[in-house]
Amino acid sequence: DQQVKQNSPSLSVQEGRISILNCDYTNSMFDYFLWYKKYPAEGPTFLISISSIKDKNEDGRFTVFLNKSAKHLSLHIVPSQPGDSAVYFCAASAEGGSQGNLIFGKGTKLSVKP
Amino acid sequence: NAGVTQTPKFRVLKTGQSMTLLCAQDMNHEYMYWYRQDPGMGLRLIHYSVGEGTTAKGEVPDGYNVSRLKKQNFLLGLESAAPSQTSVYFCAGHRTGGYEQYFGPGTRLTVT
């Protein structure tokens, strides 16, 4: 049973427009959420995170929104750039979970077209 | 600083062969993890360690063993490789109190 779901395997966006990547979760014990970005043949790199006590966190062009009642979070990229083309993974951690183990979604491949 | 490094980058094994993947970090990570990534499956945790001399099973531990004799190194072993272990393997780590894991570049393993 998937605890972290990214239901869109891929997303295509025009350069300069907004990219919205979605993530749903089922475990109400999750208290910290992260987004990772992965380019081909490289390891994932941390992008942005949010604690469950907040509903928004912003870092430059990247904003993560958390809706706890809906068990849903989203990553907004504005404006999108061709260099943002990558696979984006949503991840979550549970309070009291095994020393910070992360549960990852399957990823969404973002393509930003010039 | 080298960060998190993995050796080797690529490897081809025959069924039944054994090998060890090495993860090394100079970031003072207390916690270290081994994941595998398969197409359409995301990242799945194999084993992890919460400190030198400790190891624990993750989501998909069967067929793998690990050791953490030194804080900076985390080894992943395959005693008898199977085609189902064809995958890309990532090592990651983080410090105590931090959630953000830092990943190595990966090892692409093919078992024929």
# chains A, B, ... in the order shown; residues from 1 in each chain; ligands from 1
>>> closest_atom_pairs(of="chain B", to="chain A", cutoff="9 Å", atoms="only C-alpha atoms", output="Markdown table")
| residue | atom | partner | partner_atom | distance |
| --- | --- | --- | --- | --- |
| B:Tyr31 | CA | A:Gln99 | CA | 8.0 |
| B:Tyr33 | CA | A:Asn101 | CA | 8.6 |
| B:Pro39 | CA | A:Lys106 | CA | 8.8 |
| B:Gly40 | CA | A:Lys106 | CA | 6.0 |
| B:Met41 | CA | A:Lys106 | CA | 5.2 |
| B:Gly42 | CA | A:Lys106 | CA | 3.8 |
| B:Leu43 | CA | A:Phe104 | CA | 6.0 |
| B:Arg44 | CA | A:Phe104 | CA | 7.3 |
| B:Leu45 | CA | A:Ile103 | CA | 8.3 |
| B:Tyr48 | CA | A:Asn101 | CA | 8.6 |
| B:Val50 | CA | A:Gln99 | CA | 7.0 |
| B:Gly58 | CA | A:Asn101 | CA | 8.8 |
| B:Phe90 | CA | A:Gly43 | CA | 6.9 |
| B:Cys91 | CA | A:Gly43 | CA | 8.7 |
| B:Thr96 | CA | A:Gln99 | CA | 8.7 |
| B:Gly97 | CA | A:Gly100 | CA | 8.4 |
| B:Gly98 | CA | A:Gly100 | CA | 7.9 |
| B:Tyr99 | CA | A:Gly100 | CA | 6.1 |
| B:Glu100 | CA | A:Phe46 | CA | 6.6 |
| B:Gln101 | CA | A:Phe46 | CA | 7.3 |
| B:Tyr102 | CA | A:Thr45 | CA | 6.8 |
| B:Phe103 | CA | A:Gly43 | CA | 5.5 |
| B:Gly104 | CA | A:Gly43 | CA | 5.5 |
| B:Pro105 | CA | A:Gly43 | CA | 4.3 |
| B:Gly106 | CA | A:Gly43 | CA | 5.9 |
| B:Arg108 | CA | A:Ala41 | CA | 8.9 |
>>> select_by_dssp(residues="range 2-81 of chain A", states="strand (DSSP E)", output="ChimeraX atom specification")
/A:4-5,10-14,19-25,30-38,45-51,56-59,62-67,72-77
>>> residues_around(residues="Ile18 in chain A", least_positions_apart="4", cutoff="9 Å", atoms="only C-alpha atoms", output="PyMOL selection string")
chain A and resi 13-14+76-80
>>> atom_distance(atom1="CA of Arg68 in chain B", atom2="CA of Asp38 in chain B")
24.8 Å
>>> atom_distance(atom1="CA of His47 in chain B", atom2="CA of Tyr35 in chain B")
7.5 Å
>>> residues_around(residues="Pro8 in chain B", least_positions_apart="5", cutoff="8 Å", atoms="only C-alpha atoms", output="list in words")
Leu21, Leu22 and Thr107 of chain B
>>> write_last_selection(atoms="all heavy atoms", output="short mmCIF file (atom, residue, chain, number, x, y, z; two decimals), in the first residue's frame")
data_model
loop_
_atom_site.label_atom_id
_atom_site.label_comp_id
_atom_site.auth_asym_id
_atom_site.auth_seq_id
_atom_site.Cartn_x
_atom_site.Cartn_y
_atom_site.Cartn_z
N LEU B 21 29.07 -2.95 -2.59
CA LEU B 21 29.01 -1.55 -2.97
C LEU B 21 29.45 -0.72 -1.77
O LEU B 21 29.01 -0.96 -0.64
CB LEU B 21 27.60 -1.13 -3.37
CG LEU B 21 27.07 -1.55 -4.73
CD1 LEU B 21 26.86 -3.05 -4.81
CD2 LEU B 21 25.77 -0.82 -5.03
N LEU B 22 30.31 0.27 -2.05
CA LEU B 22 30.83 1.09 -0.97
C LEU B 22 30.23 2.50 -1.04
O LEU B 22 30.18 3.10 -2.09
CB LEU B 22 32.36 1.20 -1.06
CG LEU B 22 33.02 2.24 -0.16
CD1 LEU B 22 32.82 1.88 1.32
CD2 LEU B 22 34.50 2.38 -0.48
N THR B 107 24.97 3.82 -8.15
CA THR B 107 25.68 2.70 -8.79
C THR B 107 24.67 1.95 -9.65
O THR B 107 23.64 1.51 -9.14
CB THR B 107 26.27 1.73 -7.75
OG1 THR B 107 27.28 2.38 -7.00
CG2 THR B 107 26.86 0.51 -8.44
#
>>> residues_around(residues="Ser67 in chain B", least_positions_apart="4", cutoff="7 Å", atoms="only C-alpha atoms", output="PyMOL selection string")
chain B and resi 55+74-76
>>> closest_residue(among="A:Thr63, A:Ser69, A:Asn57, A:Ser10", to="Tyr25 in chain A", atoms="only C-alpha atoms")
A:Ser69
>>> closest_residue(among="A:Lys54, A:Ala70, A:Tyr88, A:Lys113", to="Ser8 in chain A", atoms="only C-alpha atoms")
A:Tyr88
